[in-house]
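Okay, entry-v3.txt is below, compact mmCIF, N, CA and C atoms:
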```
# COMPACT_ATOMS: atom_id res chain seq x y z
N MET A 1 50.22 164.36 71.27
CA MET A 1 50.04 164.07 69.87
C MET A 1 48.91 163.07 69.72
N LYS A 2 47.97 163.37 68.86
CA LYS A 2 46.85 162.47 68.59
C LYS A 2 47.27 161.46 67.53
N ILE A 3 47.04 160.19 67.81
CA ILE A 3 47.36 159.14 66.86
C ILE A 3 46.09 158.77 66.11
N ILE A 4 46.13 158.87 64.80
CA ILE A 4 44.99 158.57 63.95
C ILE A 4 45.14 157.13 63.46
N THR A 5 44.14 156.31 63.71
CA THR A 5 44.23 154.91 63.34
C THR A 5 43.29 154.53 62.20
N ARG A 6 42.66 155.49 61.58
CA ARG A 6 41.79 155.20 60.45
C ARG A 6 42.45 155.71 59.18
N PRO A 7 42.14 155.10 58.04
CA PRO A 7 42.74 155.56 56.77
C PRO A 7 42.33 157.00 56.47
N ILE A 8 43.26 157.74 55.94
CA ILE A 8 43.02 159.13 55.54
C ILE A 8 43.45 159.27 54.08
N PRO A 9 42.55 159.71 53.21
CA PRO A 9 42.95 159.87 51.81
C PRO A 9 43.97 161.01 51.66
N VAL A 10 45.09 160.68 51.07
CA VAL A 10 46.16 161.65 50.85
C VAL A 10 46.65 161.46 49.42
N LYS A 11 46.92 162.55 48.74
CA LYS A 11 47.42 162.46 47.37
C LYS A 11 48.91 162.80 47.35
N PHE A 12 49.71 161.88 46.83
CA PHE A 12 51.14 162.08 46.67
C PHE A 12 51.50 161.95 45.20
N THR A 13 52.53 162.66 44.79
CA THR A 13 53.06 162.46 43.44
C THR A 13 53.92 161.19 43.45
N GLU A 14 54.24 160.70 42.28
CA GLU A 14 55.10 159.51 42.19
C GLU A 14 56.45 159.78 42.86
N ASP A 15 57.00 160.96 42.65
CA ASP A 15 58.28 161.31 43.27
C ASP A 15 58.18 161.34 44.79
N GLU A 16 57.07 161.84 45.30
CA GLU A 16 56.88 161.86 46.75
C GLU A 16 56.78 160.45 47.31
N LEU A 17 56.08 159.56 46.60
CA LEU A 17 55.97 158.18 47.05
C LEU A 17 57.35 157.50 47.06
N GLU A 18 58.14 157.77 46.05
CA GLU A 18 59.48 157.18 46.00
C GLU A 18 60.36 157.74 47.12
N THR A 19 60.17 159.01 47.45
CA THR A 19 60.92 159.61 48.56
C THR A 19 60.56 158.94 49.88
N ILE A 20 59.27 158.71 50.08
CA ILE A 20 58.83 158.05 51.31
C ILE A 20 59.37 156.62 51.36
N ALA A 21 59.31 155.91 50.25
CA ALA A 21 59.82 154.54 50.21
C ALA A 21 61.31 154.51 50.55
N ASN A 22 62.07 155.45 50.02
CA ASN A 22 63.51 155.51 50.32
C ASN A 22 63.73 155.83 51.80
N ALA A 23 62.91 156.69 52.36
CA ALA A 23 63.04 157.02 53.79
C ALA A 23 62.74 155.80 54.65
N MET A 24 61.81 154.97 54.23
CA MET A 24 61.49 153.76 54.98
C MET A 24 62.67 152.80 55.04
N ALA A 25 63.48 152.78 53.97
CA ALA A 25 64.67 151.92 53.95
C ALA A 25 65.64 152.33 55.06
N ASP A 26 65.68 153.60 55.40
CA ASP A 26 66.51 154.07 56.52
C ASP A 26 65.80 153.87 57.86
N TYR A 27 64.51 154.15 57.89
CA TYR A 27 63.74 154.10 59.13
C TYR A 27 63.68 152.69 59.73
N ILE A 28 63.72 151.67 58.88
CA ILE A 28 63.62 150.29 59.35
C ILE A 28 64.73 149.97 60.36
N HIS A 29 65.84 150.68 60.29
CA HIS A 29 66.96 150.43 61.21
C HIS A 29 66.63 150.83 62.65
N TYR A 30 65.54 151.54 62.85
CA TYR A 30 65.11 151.91 64.21
C TYR A 30 64.29 150.80 64.87
N ASP A 31 64.02 149.72 64.13
CA ASP A 31 63.22 148.63 64.70
C ASP A 31 63.99 147.97 65.84
N ASP A 32 63.30 147.72 66.93
CA ASP A 32 63.87 147.05 68.09
C ASP A 32 62.83 146.06 68.60
N PRO A 33 63.04 144.77 68.33
CA PRO A 33 62.04 143.78 68.72
C PRO A 33 61.85 143.66 70.23
N ASP A 34 62.76 144.21 71.01
CA ASP A 34 62.67 144.12 72.47
C ASP A 34 61.98 145.30 73.13
N ILE A 35 61.56 146.29 72.33
CA ILE A 35 60.95 147.49 72.91
C ILE A 35 59.55 147.17 73.45
N ASP A 36 59.19 147.83 74.51
CA ASP A 36 57.87 147.67 75.13
C ASP A 36 56.81 148.21 74.16
N PRO A 37 55.77 147.42 73.84
CA PRO A 37 54.73 147.89 72.92
C PRO A 37 54.08 149.21 73.35
N ASP A 38 54.09 149.52 74.64
CA ASP A 38 53.53 150.79 75.10
C ASP A 38 54.35 151.98 74.62
N ASP A 39 55.61 151.73 74.24
CA ASP A 39 56.48 152.80 73.76
C ASP A 39 56.42 152.97 72.24
N LEU A 40 55.62 152.16 71.58
CA LEU A 40 55.53 152.20 70.13
C LEU A 40 54.32 153.03 69.69
N ILE A 41 54.44 153.68 68.57
CA ILE A 41 53.33 154.43 67.99
C ILE A 41 52.22 153.43 67.66
N GLY A 42 51.09 153.59 68.30
CA GLY A 42 49.96 152.70 68.07
C GLY A 42 50.21 151.27 68.51
N GLY A 43 51.30 151.04 69.26
CA GLY A 43 51.63 149.69 69.70
C GLY A 43 52.15 148.80 68.59
N ILE A 44 52.47 149.39 67.44
CA ILE A 44 52.91 148.64 66.26
C ILE A 44 54.41 148.82 66.08
N SER A 45 55.12 147.72 65.86
CA SER A 45 56.57 147.80 65.71
C SER A 45 56.95 148.62 64.48
N VAL A 46 58.16 149.14 64.51
CA VAL A 46 58.67 149.90 63.37
C VAL A 46 58.65 149.02 62.12
N ALA A 47 59.10 147.77 62.26
CA ALA A 47 59.14 146.87 61.10
C ALA A 47 57.75 146.66 60.50
N ASP A 48 56.76 146.46 61.35
CA ASP A 48 55.39 146.27 60.85
C ASP A 48 54.85 147.52 60.17
N ARG A 49 55.14 148.69 60.75
CA ARG A 49 54.68 149.94 60.13
C ARG A 49 55.37 150.16 58.80
N VAL A 50 56.69 149.92 58.75
CA VAL A 50 57.44 150.09 57.50
C VAL A 50 56.90 149.13 56.44
N ASP A 51 56.68 147.86 56.81
CA ASP A 51 56.14 146.89 55.84
C ASP A 51 54.79 147.35 55.30
N SER A 52 53.93 147.85 56.19
CA SER A 52 52.61 148.31 55.77
C SER A 52 52.71 149.50 54.82
N ILE A 53 53.56 150.45 55.16
CA ILE A 53 53.74 151.64 54.32
C ILE A 53 54.33 151.25 52.97
N GLN A 54 55.36 150.38 52.98
CA GLN A 54 55.98 149.95 51.73
C GLN A 54 54.98 149.23 50.84
N HIS A 55 54.14 148.39 51.45
CA HIS A 55 53.12 147.67 50.67
C HIS A 55 52.15 148.66 50.01
N LYS A 56 51.69 149.63 50.77
CA LYS A 56 50.75 150.62 50.23
C LYS A 56 51.38 151.44 49.11
N ILE A 57 52.65 151.78 49.26
CA ILE A 57 53.35 152.52 48.21
C ILE A 57 53.48 151.65 46.96
N SER A 58 53.84 150.38 47.15
CA SER A 58 53.99 149.48 46.00
C SER A 58 52.67 149.34 45.24
N VAL A 59 51.57 149.20 45.97
CA VAL A 59 50.25 149.09 45.34
C VAL A 59 49.93 150.38 44.58
N ALA A 60 50.18 151.52 45.21
CA ALA A 60 49.88 152.82 44.56
C ALA A 60 50.70 153.00 43.29
N LEU A 61 51.99 152.66 43.35
CA LEU A 61 52.85 152.81 42.16
C LEU A 61 52.45 151.83 41.08
N PHE A 62 52.06 150.61 41.46
CA PHE A 62 51.60 149.63 40.48
C PHE A 62 50.36 150.14 39.76
N ARG A 63 49.42 150.68 40.53
CA ARG A 63 48.18 151.20 39.91
C ARG A 63 48.48 152.40 39.04
N LEU A 64 49.42 153.22 39.46
CA LEU A 64 49.79 154.39 38.68
C LEU A 64 50.40 154.00 37.33
N ASN A 65 51.16 152.94 37.32
CA ASN A 65 51.86 152.52 36.11
C ASN A 65 51.12 151.45 35.30
N SER A 66 49.88 151.13 35.71
CA SER A 66 49.11 150.11 34.97
C SER A 66 48.24 150.74 33.92
```
In structure tokens, what does this structure look like?
Amino acid sequence: MKIITRPIPVKFTEDELETIANAMADYIHYDDPDIDPDDLIGGISVADRVDSIQHKISVALFRLNS
């Protein structure tokens, strides 16, 4: 699997963004602070990836509703 580390423009509907945000609330439970960074996607912890995704969704929804 190729890991892409650069931003990719993707268009989501508001409902899709809310679905992803809800999925992140479940996915955060997979965070394990003791896991070897080599076993992580891009070497980034689940918590850090979830925080990043949630922040981007919040910004997108804010702009959509402004």
Quiz item: Could you pull out the helix (DSSP H, G or I) residues of chain A from DSSP and send them as a PyMOL selection string?
Solution: chain A and resi 14-30+37-39+41-43+46-64
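With only C-alpha atoms as the basis for measurement, A:Ile53 is the residue among A:Asp36, A:Ile53, A:Phe62, A:Arg6 that approaches A:Met24 most closely.
Here the question is which of A:Ile8, A:Asp15, A:Asp48, A:Ala60 gets nearest to A:Pro33 using only C-alpha atoms, and that residue is A:Asp48.
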Exercise. May I have the residues at most 12 Å from (59.4, 152.8, 42.8) in the file's coordinates, counting only C-alpha atoms, as a PyMOL selection string?
Key: chain A and resi 13-22+54-65
